[in-house]
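Colleague: Here you go, work.txt (compact mmCIF, C-alpha atoms):
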```txt
# COMPACT_ATOMS: atom_id res chain seq x y z
CA MET A 1450 115.92 -41.23 199.90
CA PHE A 1451 117.73 -37.88 199.77
CA ARG A 1452 118.23 -38.14 196.01
CA LEU A 1453 114.55 -38.97 195.52
CA VAL A 1454 113.49 -35.96 197.62
CA ALA A 1455 115.86 -33.74 195.62
CA LEU A 1456 114.39 -35.04 192.38
CA LEU A 1457 110.81 -34.34 193.44
CA PHE A 1458 111.78 -30.88 194.71
CA LEU A 1459 113.42 -29.92 191.45
CA CYS A 1460 110.46 -31.11 189.42
CA SER A 1461 107.93 -29.18 191.50
CA ALA A 1462 109.91 -26.01 192.20
CA GLU A 1463 110.93 -25.58 188.57
CA SER A 1464 107.70 -26.69 186.94
CA LEU A 1465 107.72 -26.05 183.21
CA CYS A 1466 111.32 -24.93 183.38
CA VAL A 1467 114.23 -27.33 182.85
CA PRO A 1468 116.26 -27.25 186.10
CA GLU A 1469 119.54 -25.31 186.28
CA GLY A 1470 119.03 -23.88 182.81
CA LEU A 1471 119.89 -27.19 181.15
CA GLY A 1472 119.25 -27.72 177.47
CA GLY A 1473 120.64 -24.34 176.44
CA GLY A 1474 124.00 -25.57 175.20
CA THR A 1475 127.33 -26.51 176.78
CA ARG A 1476 128.88 -23.09 176.17
CA ALA A 1477 126.41 -21.36 178.48
CA ILE A 1478 126.79 -24.09 181.10
CA GLY A 1479 130.60 -23.92 180.98
CA LEU A 1480 130.35 -20.18 181.68
CA ALA A 1481 128.06 -20.85 184.69
CA GLY A 1482 125.17 -19.30 182.75
CA ALA A 1483 126.88 -15.94 182.05
CA PHE A 1484 125.66 -15.99 178.45
CA VAL A 1485 123.11 -13.22 177.98
CA ALA A 1486 125.62 -10.80 176.38
CA ILE A 1487 127.00 -13.35 173.88
CA GLY A 1488 125.45 -13.46 170.43
CA GLY A 1489 125.91 -15.52 167.31
CA SER A 1490 124.83 -18.89 168.74
CA GLU A 1491 121.96 -21.21 167.86
CA TRP A 1492 121.19 -21.32 171.60
CA CYS A 1493 120.45 -17.58 171.65
CA THR A 1494 116.85 -18.55 170.91
CA THR A 1495 116.45 -19.41 174.60
CA SER A 1496 119.19 -17.28 176.20
CA ASN A 1497 118.74 -13.93 174.38
CA PRO A 1498 117.02 -13.90 170.96
CA ALA A 1499 118.69 -10.62 170.04
CA GLY A 1500 121.90 -12.64 169.56
CA LEU A 1501 120.35 -14.44 166.57
CA SER A 1502 121.06 -11.33 164.50
CA SER A 1503 124.85 -11.96 164.55
CA LEU A 1504 125.05 -15.55 163.31
CA ASP A 1505 128.16 -16.46 161.28
CA GLY A 1506 126.22 -19.02 159.25
CA TRP A 1507 123.75 -21.87 159.43
CA GLN A 1508 124.12 -23.61 162.80
CA ALA A 1509 122.74 -26.83 164.25
CA ALA A 1510 123.42 -28.63 167.53
CA ALA A 1511 122.33 -31.64 169.59
CA PHE A 1512 122.70 -31.55 173.40
CA LEU A 1513 122.48 -34.29 176.03
CA CYS A 1514 122.57 -34.33 179.81
CA PRO A 1515 122.23 -38.08 180.54
CA GLY A 1516 121.27 -37.49 184.18
CA GLN A 1517 121.56 -34.32 186.19
CA PHE A 1518 123.43 -34.96 189.48
CA GLY A 1519 123.77 -38.58 188.37
CA MET A 1520 120.00 -39.21 188.36
CA LYS A 1521 118.73 -40.64 185.08
CA GLU A 1522 115.25 -39.27 185.89
CA LEU A 1523 116.68 -35.77 185.34
CA ARG A 1524 117.69 -36.45 181.74
CA THR A 1525 117.62 -33.55 179.26
CA THR A 1526 117.90 -33.67 175.48
CA SER A 1527 117.79 -30.65 173.16
CA ILE A 1528 118.24 -29.81 169.52
CA ALA A 1529 118.76 -26.34 168.08
CA MET A 1530 119.02 -24.74 164.67
CA ALA A 1531 119.62 -21.15 163.57
CA ILE A 1532 119.68 -19.46 160.15
CA PRO A 1533 120.97 -15.94 159.33
CA PHE A 1534 119.09 -13.58 157.01
CA GLY A 1535 121.21 -10.48 156.41
CA THR A 1536 121.01 -8.40 159.59
CA SER A 1537 118.39 -10.77 161.02
CA GLY A 1538 118.37 -14.34 162.24
CA PHE A 1539 115.89 -17.11 162.99
CA GLY A 1540 116.25 -19.93 165.51
CA VAL A 1541 114.34 -22.88 166.90
CA VAL A 1542 115.05 -25.07 169.94
CA GLY A 1543 113.31 -28.30 170.93
CA ARG A 1544 113.83 -29.66 174.42
CA GLN A 1545 112.68 -32.60 176.54
CA PHE A 1546 113.27 -33.14 180.24
CA GLY A 1547 112.28 -35.85 182.69
CA PHE A 1548 111.21 -39.50 182.63
CA ASP A 1549 108.04 -41.60 182.29
CA LEU A 1550 106.35 -40.27 185.42
CA TYR A 1551 107.17 -36.60 184.85
CA ARG A 1552 108.08 -35.12 181.48
CA GLU A 1553 108.38 -31.63 180.00
CA THR A 1554 108.53 -31.01 176.26
CA SER A 1555 109.01 -27.55 174.81
CA VAL A 1556 109.59 -25.80 171.50
CA SER A 1557 110.98 -22.27 171.27
CA VAL A 1558 111.03 -20.13 168.11
CA GLY A 1559 112.98 -16.87 168.08
CA VAL A 1560 113.98 -14.01 165.78
CA GLY A 1561 116.54 -11.24 166.17
CA LYS A 1562 117.45 -8.16 164.16
CA THR A 1563 120.30 -5.62 164.25
CA PHE A 1564 119.56 -1.92 163.79
CA VAL A 1565 121.87 1.07 163.35
CA GLY A 1566 124.20 1.92 166.18
CA GLY A 1567 125.01 -1.67 167.09
CA VAL A 1568 121.64 -2.29 168.75
CA SER A 1569 119.96 -5.68 168.32
CA VAL A 1570 116.56 -6.78 169.59
CA GLY A 1571 114.73 -10.08 169.48
CA GLY A 1572 111.83 -12.13 170.74
CA THR A 1573 111.01 -15.78 171.41
CA LEU A 1574 107.73 -17.67 171.64
CA ASN A 1575 107.70 -20.81 173.79
CA ALA A 1576 105.20 -23.68 173.78
CA THR A 1577 105.53 -26.19 176.62
CA ARG A 1578 103.69 -29.33 177.59
CA ILE A 1579 104.03 -31.05 180.96
CA SER A 1580 102.84 -34.62 181.57
CA ILE A 1581 102.53 -36.35 184.94
CA GLU A 1582 101.66 -40.05 185.14
CA ARG A 1583 98.02 -40.58 186.31
CA TYR A 1584 97.43 -36.81 186.47
CA GLY A 1585 97.31 -36.07 182.77
CA SER A 1586 99.00 -33.22 180.95
CA VAL A 1587 98.70 -29.49 180.42
CA ALA A 1588 100.10 -27.08 177.82
CA THR A 1589 101.03 -23.45 178.09
CA SER A 1590 102.83 -20.73 176.14
CA SER A 1591 105.04 -17.79 177.02
CA ALA A 1592 107.21 -15.12 175.41
CA ASN A 1593 110.71 -13.76 175.99
CA CYS A 1594 112.38 -10.60 174.70
CA GLY A 1595 115.98 -9.47 174.65
CA ALA A 1596 118.47 -6.85 173.51
CA LEU A 1597 122.18 -6.68 172.72
CA ILE A 1598 124.11 -3.40 172.52
CA ASP A 1599 127.68 -2.82 171.33
CA VAL A 1600 128.69 -0.37 174.06
CA ALA A 1601 132.26 0.03 172.81
CA ASP A 1602 134.80 -1.89 170.78
CA GLY A 1603 134.85 -5.35 172.35
CA VAL A 1604 132.27 -4.53 175.03
CA HIS A 1605 128.72 -5.88 174.69
CA LEU A 1606 125.71 -5.43 176.94
CA GLY A 1607 122.91 -7.99 177.01
CA PHE A 1608 119.44 -8.10 178.52
CA GLU A 1609 116.71 -10.74 178.47
CA TRP A 1610 113.26 -10.81 180.05
CA GLU A 1611 111.84 -14.32 180.31
CA ASN A 1612 108.06 -14.80 180.43
CA VAL A 1613 107.23 -11.16 179.69
CA ALA A 1614 103.47 -11.56 180.07
CA ALA A 1615 103.67 -13.52 183.36
CA ALA A 1616 102.05 -16.59 181.81
CA ARG A 1617 100.60 -19.26 184.07
CA ILE A 1618 100.04 -23.00 183.85
CA GLY A 1619 96.59 -23.73 182.45
CA SER A 1620 93.65 -23.71 184.85
CA THR A 1621 95.88 -24.31 187.89
CA GLY A 1622 97.00 -20.69 187.83
CA GLU A 1623 100.53 -21.61 188.95
CA ALA A 1624 102.98 -18.95 187.76
CA LEU A 1625 105.71 -19.82 185.30
CA PRO A 1626 109.24 -18.68 186.19
CA GLN A 1627 109.73 -15.00 185.36
CA THR A 1628 113.34 -13.79 185.22
CA GLN A 1629 115.34 -10.80 184.07
CA SER A 1630 119.02 -11.14 183.14
CA PHE A 1631 121.52 -8.32 182.61
CA GLY A 1632 125.17 -8.75 181.74
CA PHE A 1633 128.34 -7.69 179.94
CA CYS A 1634 130.76 -9.53 177.68
CA PHE A 1635 134.30 -8.13 177.46
CA GLU A 1636 136.38 -9.33 174.52
CA LEU A 1637 139.84 -9.12 176.10
CA SER A 1638 141.40 -10.25 172.82
CA ARG A 1639 140.38 -12.06 169.66
CA THR A 1640 140.59 -15.34 171.55
CA SER A 1641 139.46 -14.55 175.12
CA ARG A 1642 136.26 -13.25 176.74
CA LEU A 1643 135.12 -12.37 180.24
CA CYS A 1644 131.39 -12.38 181.00
CA LEU A 1645 129.55 -10.93 184.00
CA GLU A 1646 125.82 -11.36 184.58
CA SER A 1647 123.09 -10.79 187.14
CA GLU A 1648 119.84 -12.78 187.02
CA LYS A 1649 116.72 -12.12 189.07
CA ASP A 1650 113.86 -14.57 189.35
CA ILE A 1651 110.94 -12.80 191.04
CA ARG A 1652 110.72 -15.73 193.49
CA PHE A 1653 114.38 -15.86 194.50
CA PRO A 1654 117.37 -13.60 195.37
CA PHE A 1655 119.75 -12.26 192.71
CA GLU A 1656 122.08 -14.76 191.13
CA LEU A 1657 125.52 -13.46 190.12
CA LYS A 1658 127.53 -15.23 187.42
CA LEU A 1659 131.06 -14.92 186.09
CA GLY A 1660 132.49 -16.79 183.12
CA TYR A 1661 135.75 -16.81 181.18
CA GLU A 1662 136.68 -18.56 177.95
CA GLN A 1663 139.98 -18.87 176.09
CA GLU A 1664 140.58 -20.17 172.59
CA PHE A 1665 143.75 -22.03 171.61
CA LEU A 1666 144.95 -22.28 167.99
CA ASP A 1667 141.37 -21.93 166.66
CA VAL A 1668 140.84 -25.59 167.58
CA VAL A 1669 140.23 -25.80 171.34
CA THR A 1670 138.25 -23.49 173.64
CA ALA A 1671 138.36 -23.85 177.42
CA ARG A 1672 135.81 -22.30 179.81
CA PHE A 1673 135.40 -21.69 183.52
CA GLY A 1674 132.52 -20.16 185.49
CA LEU A 1675 131.27 -19.35 188.98
CA ALA A 1676 127.79 -18.51 190.26
CA ASN A 1677 125.91 -18.19 193.54
CA ASN A 1678 122.36 -19.02 194.73
CA PRO A 1679 123.18 -21.88 194.68
CA GLN A 1680 126.99 -21.82 194.65
CA LYS A 1681 128.20 -23.37 191.43
CA MET A 1682 131.51 -23.99 189.68
CA ALA A 1683 131.46 -24.88 186.00
CA VAL A 1684 134.00 -25.97 183.40
CA GLY A 1685 133.78 -26.63 179.69
CA ILE A 1686 135.77 -27.43 176.57
CA ASP A 1687 135.21 -27.37 172.80
CA VAL A 1688 137.21 -29.29 170.22
CA ARG A 1689 136.68 -28.20 166.60
CA VAL A 1690 137.48 -30.25 163.52
CA SER A 1691 136.65 -28.32 160.38
CA GLN A 1692 132.96 -27.33 160.72
CA ILE A 1693 132.15 -29.87 163.43
CA THR A 1694 132.52 -29.13 167.16
CA PHE A 1695 132.38 -31.57 170.06
CA SER A 1696 131.72 -29.93 173.43
CA TYR A 1697 131.66 -30.95 177.07
CA ALA A 1698 130.50 -28.99 180.12
CA GLY A 1699 130.16 -29.90 183.76
CA TYR A 1700 129.16 -28.12 186.92
CA THR A 1701 128.94 -28.95 190.58
CA HIS A 1702 126.21 -28.33 193.15
CA PRO A 1703 127.38 -28.06 196.79
CA GLN A 1704 124.97 -30.77 197.98
CA LEU A 1705 124.07 -32.80 194.88
CA GLY A 1706 127.44 -33.14 193.15
CA TRP A 1707 128.45 -33.01 189.49
CA SER A 1708 126.36 -32.91 186.33
CA HIS A 1709 127.83 -33.68 182.91
CA GLN A 1710 126.68 -32.51 179.47
CA ILE A 1711 127.84 -33.15 175.92
CA GLU A 1712 127.01 -31.46 172.63
CA LEU A 1713 127.70 -31.98 168.94
CA SER A 1714 127.31 -28.97 166.66
CA CYS A 1715 127.94 -27.90 163.08
CA THR A 1716 128.36 -24.48 161.48
CA LEU A 1717 128.10 -23.79 157.74
CA SER A 1718 129.70 -20.41 157.02
CA ARG A 1719 127.78 -17.81 155.07
```
Can the structure in the file be given as structure tokens, please?

Modeller:
Amino acid sequence: MFRLVALLFLCSAESLCVPEGLGGGTRAIGLAGAFVAIGGSEWCTTSNPAGLSSLDGWQAAAFLCPGQFGMKELRTTSIAMAIPFGTSGFGVVGRQFGFDLYRETSVSVGVGKTFVGGVSVGGTLNATRISIERYGSVATSSANCGALIDVADGVHLGFEWENVAAARIGSTGEALPQTQSFGFCFELSRTSRLCLESEKDIRFPFELKLGYEQEFLDVVTARFGLANNPQKMAVGIDVRVSQITFSYAGYTHPQLGWSHQIELSCTLSR
């Protein structure tokens, strides 16, 4: 009964927003969500579109969370693709969450561009459809914006504003989540990074996040992260073979337990 109540709570409290930020890639999850100041990823479309301007090449990824907190009803699948164009980049993410009785499907399209002085800006348009058995379905759209700034050598500042126009859900008038994220990424060396981030949803207290990742021999990358509201510990690992990367990430909720995610991605260098 407790797990069923938790499921219904997550679906209602996070309407039109995949719970716990799932579907945005295992790297972000392994860093406990401290990802806003990291660019160059196909998942920047949904985390900070300004990061699309620093892609190393064509990127594509497929993500799966078979059941958040062990509940198959909280299944999330996502696919992402990003393409660089000089000092600009384009990305698209498709995501589906839920089960037969409650399902969310969304598509996000983003662009980012770098200007002089190491300043990048970007924007994302989101289209989402939610379907509830016997109650029908409703569609809505929203927009995000973001910025990345190279503050100093190896120090990057990131900002994203989700749902800029305070979009609502159809005729119901229920507000979509509206958050602002602000963070730093410190490149401690060529192979290690420390990320700090603060996120504020207008409905909830500040969430603080800390993440660290370390690369080994250009083949393996290990990650660790901590966050509060709710308290969360996350871990992750990448294994690269040529241009293919297999990734795992997991995190724990103090009451609901562990969630596991896997991802398969490919990068074609410029």

Colleague: Env of Thr1563 of chain A: 9 Å cut, atoms = only C-alpha atoms, seq-sep filter 6 positions within chain, self excluded. Answer as a PyMOL selection string.

Modeller: chain A and resi 1499-1500+1502-1503+1536-1537+1569-1571+1597

Colleague: Name the closest residue to Gly1559 of chain A among the candidates A:Leu1643, A:Ala1509, A:Val1587, A:Leu1501; distances are taken between atoms, counting only C-alpha atoms.

Modeller: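 With only C-alpha atoms as the atom set, the closest residue is A:Leu1501.
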
Colleague: Counting only C-alpha atoms, what are the residues of segment 1568-1678 of chain A within 12 Å of segment 1703-1715 of chain A, and for each of them which pair of atoms is the nearest and at what distance in Å, to one decimal? Sort the table by chain and rising number, as CSV.

Modeller:
```
residue,atom,partner,partner_atom,distance
A:Ala1676,CA,A:Pro1703,CA,11.6
A:Asn1677,CA,A:Pro1703,CA,10.5
A:Asn1678,CA,A:Pro1703,CA,10.5
```

Colleague: Take the residues just selected and output them with C-alpha atoms as a PDB file, in the frame of the given file.

Modeller:
```
ATOM      1  CA  ALA A1676     127.790 -18.510 190.260  1.00  0.00           C
ATOM      2  CA  ASN A1677     125.910 -18.190 193.540  1.00  0.00           C
ATOM      3  CA  ASN A1678     122.360 -19.020 194.730  1.00  0.00           C
TER       4      ASN A1678
END
```

Colleague: Leaving out Glu1648 of chain A and any residue of its chain fewer than 5 positions from it, which residues lie within 8 Å of it when counting all atoms listed in the file, given as a ChimeraX atom specification?

Modeller: /A:1628-1631,1655-1657

Colleague: One decimal, Å: what's the distance from atom CA of Gly1489 of chain A over to atom CA of Thr1526 of chain A, could you say?

Modeller: 21.5 Å

Colleague: Let me make sure I understand: among A:Phe1548, A:Gly1543, A:Arg1578, A:Gly1535, which one has the smallest atom-to-atom distance to Pro1515 of chain A if we use all atoms listed in the file?

Modeller: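 Among A:Phe1548, A:Gly1543, A:Arg1578, A:Gly1535, it is A:Phe1548 that comes nearest to Pro1515 of chain A.
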
Colleague: From the list A:Gly1516, A:Gly1538, A:Gly1660, A:Gly1699, which residue is nearest Val1485 of chain A when using only C-alpha atoms?

Modeller: A:Gly1660

Colleague: Between A:Val1600, A:Cys1644, A:Arg1689, A:Ile1651, which is the closest to Phe1673 of chain A once you count all atoms listed in the file?

Modeller: A:Cys1644

Colleague: Ranking A:Leu1675, A:Cys1493, A:Ala1601, A:Ala1683 by minimum distance to Thr1573 of chain A and counting all atoms listed in the file, which one comes first?

Modeller: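 Closest to Thr1573 of chain A, using all atoms listed in the file: A:Cys1493.
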
Colleague: Write out as a tab-separated table (two decimals) with C-alpha atoms, in the coordinates of the input each polymer residue whose atoms come within 10 Å of Trp1610 of chain A, counting all atoms listed in the file; drop sequence neighbours fewer than 3 positions from it.

Modeller:
```tsv
chain	number	residue	atom	x	y	z
A	1496	SER	CA	119.19	-17.28	176.20
A	1497	ASN	CA	118.74	-13.93	174.38
A	1572	GLY	CA	111.83	-12.13	170.74
A	1592	ALA	CA	107.21	-15.12	175.41
A	1593	ASN	CA	110.71	-13.76	175.99
A	1594	CYS	CA	112.38	-10.60	174.70
A	1595	GLY	CA	115.98	-9.47	174.65
A	1596	ALA	CA	118.47	-6.85	173.51
A	1613	VAL	CA	107.23	-11.16	179.69
A	1614	ALA	CA	103.47	-11.56	180.07
A	1627	GLN	CA	109.73	-15.00	185.36
A	1628	THR	CA	113.34	-13.79	185.22
A	1629	GLN	CA	115.34	-10.80	184.07
A	1630	SER	CA	119.02	-11.14	183.14
A	1631	PHE	CA	121.52	-8.32	182.61
A	1648	GLU	CA	119.84	-12.78	187.02
A	1649	LYS	CA	116.72	-12.12	189.07
```

Colleague: For the point (130.9, -27.6, 161.8) in the file's frame, write as a list in words all residues with an atom no more than 7 Å away, counting all atoms listed in the file.

Modeller: Ser1691, Gln1692, Ile1693, Thr1694, Ser1714, Cys1715, Thr1716 and Leu1717 of chain A

Colleague: For Ser1647 of chain A, which residue out of A:Ile1618, A:Ser1555, A:Ile1598, A:Leu1606 is the nearest one, using all atoms listed in the file?

Modeller: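 Looking only at the distances to Ser1647 of chain A, the closest residue turns out to be A:Leu1606.
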
Colleague: For atom CA of Arg1552 of chain A and atom CA of Tyr1584 of chain A, quote the distance in Å rounded to one decimal.

Modeller: 11.9 Å

Colleague: Set the distance at 6 Å and use only C-alpha atoms: which residues neighbour Val1542 of chain A once local chain neighbours fewer than 5 positions away are removed? I'd like the list as an MDAnalysis selection string.

Modeller: chainID A and resid 1528:1529 1556:1557

Colleague: What does the distance between atom CA of Gly1482 of chain A and atom CA of Phe1635 of chain A come to in Å, to one decimal place?

Modeller: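 The value is 15.4 Å.
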
Colleague: Which polymer residues, protein or nucleic acid, are no farther than 10 Å from (136.8, -14.4, 172.5), counting all atoms listed in the file, as a list of chain:residue names?

Modeller: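 Nearby residues: A:Ile1487, A:Gly1603, A:Cys1634, A:Phe1635, A:Glu1636, A:Leu1637, A:Ser1638, A:Arg1639, A:Thr1640, A:Ser1641, A:Arg1642, A:Leu1643, A:Tyr1661, A:Glu1662, A:Gln1663, A:Glu1664, A:Thr1670.
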
Colleague: Skipping near chain neighbours, those fewer than 5 positions away, what residues fall within 9 Å of Glu1582 of chain A using all atoms listed in the file, listed as a PyMOL selection string?

Modeller: chain A and resi 1549-1552
